[in-house]
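Novice: Structure provided below as structure tokens; questions to follow.
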Amino acid sequence: MRIGMVSVLCVLLPLIYSPRPAAAQVNPARSQSVRHDEFKPAGGGLQVKRVSSTPEQALDSTLVTLKEGRASQSHLSQELAHVMMRLAENNQQPRWPVVVSFADKLTRELIGRQLNNAQMTAMRECIVEAMRRTGTSNTGLASRLQQTLIGIGIDSSKTQLVVRDFIAVREAVQGPDDSPLVKPNPFEKPR
């Protein structure tokens, strides 16, 4: 009995205390993510829950939960950070502390605020684009986020703190705006 409990703990504890999203895998037949870090009854007193959702659906759910303020700020912040990491391409994931810092600040400002559909859509688009390499400049994307936050009613000093961390996340994914997307060839003559 004790050996079985130790075995279960050895498997579950790393999942519980992992600073990154737990085992999200892609199901090629349905091309959507499957999260294994949530719970449902599995017999023997253990609970394991599998929820199938795309990262975009998970982000929508998290933003709705933020709007409704149904959970603690720290829980929602962690949930947002995990969803953001799921949105990033594996080879372009920013460092975990950078994402957590942004998620903490954004969650603190949005929890319980009544965002309309346009604001929810704008927030979603900014977060999704921030986590993926696109042709959008970091400052252009940050400006969209800033306008959305101001439209929600967040004061400018708090908006600046959120936007600063947003830019840090974006630069970790795509690099700074002034970095070239294609590295120059040192053997090519300048024109």
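In the structure tokens, each chain is lettered A, B, ... as it comes, each chain's residues begin at 1, and ligands are numbered from 1 in order of appearance.
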May I have the residues within 8 Å of Arg132 of chain A as a PyMOL selection string, using only C-alpha atoms and disregarding those fewer than 2 positions away in the same chain?

Specialist: chain A and resi 87-89+92+128-130+134+173-174

Novice: List the neighbours of Ser143 of chain A out to 12 Å using only C-alpha atoms; skip same-chain residues closer than 2 positions along the sequence, and give me the result as an mmCIF file with C-alpha atoms, in the first residue's frame.

Specialist:
```cif
data_model
loop_
_atom_site.group_PDB
_atom_site.id
_atom_site.type_symbol
_atom_site.label_atom_id
_atom_site.label_comp_id
_atom_site.auth_asym_id
_atom_site.auth_seq_id
_atom_site.Cartn_x
_atom_site.Cartn_y
_atom_site.Cartn_z
ATOM 1 C CA ALA A 122 -8.920 42.774 -28.830
ATOM 2 C CA MET A 123 -7.345 41.373 -25.654
ATOM 3 C CA CYS A 126 -3.080 40.834 -28.632
ATOM 4 C CA THR A 136 3.433 42.891 -36.516
ATOM 5 C CA SER A 137 5.903 45.178 -34.775
ATOM 6 C CA ASN A 138 6.215 44.895 -31.008
ATOM 7 C CA THR A 139 5.390 48.570 -30.539
ATOM 8 C CA GLY A 140 2.378 48.343 -32.856
ATOM 9 C CA LEU A 141 0.999 45.377 -30.942
ATOM 10 C CA LEU A 145 -3.002 46.521 -26.087
ATOM 11 C CA GLN A 146 -2.515 49.946 -24.496
ATOM 12 C CA GLN A 147 -5.556 51.388 -26.304
ATOM 13 C CA THR A 148 -7.631 48.383 -25.244
ATOM 14 C CA LEU A 149 -6.598 48.728 -21.595
ATOM 15 C CA ILE A 150 -7.314 52.461 -21.593
ATOM 16 C CA THR A 159 -1.435 50.448 -18.249
ATOM 17 C CA GLN A 160 2.228 51.344 -18.738
ATOM 18 C CA VAL A 162 1.224 45.994 -18.130
ATOM 19 C CA VAL A 163 2.447 47.161 -21.544
ATOM 20 C CA ARG A 164 6.097 47.121 -20.410
ATOM 21 C CA PHE A 166 3.818 42.719 -22.610
ATOM 22 C CA ILE A 167 6.699 44.078 -24.696
#
```

Novice: Name the closest residue to Val83 of chain A among the candidates A:Ile111, A:Leu59, A:Val169, A:Met131; distances are taken between atoms, counting only C-alpha atoms.

Specialist: A:Leu59

Novice: Neighbouring residues of Val100 of chain A were defined as those with any atom within 9 Å, considering only C-alpha atoms; residues of the same chain fewer than 3 positions away were excluded. Please report them as a PyMOL selection string.

Specialist: chain A and resi 77-78+80-82+95-97+103-105

Novice: For Thr107 of chain A, which of A:Ala172, A:Ile127, A:Leu76, A:Met120 is the closest residue, counting only C-alpha atoms?

Specialist: A:Leu76

Novice: In Å, with one decimal, what is the gap from atom CA of Leu110 of chain A to atom CA of Arg86 of chain A?

Specialist: 20.8 Å

Novice: Name the closest residue to Thr121 of chain A among the candidates A:Arg108, A:Arg133, A:Lys158, A:Arg144; distances are taken between atoms, counting only C-alpha atoms.

Specialist: A:Arg144

Novice: When you draw a straight line from atom CA of Gln57 of chain A to atom CA of Arg113 of chain A, how long is it in Å?

Specialist: 20.1 Å
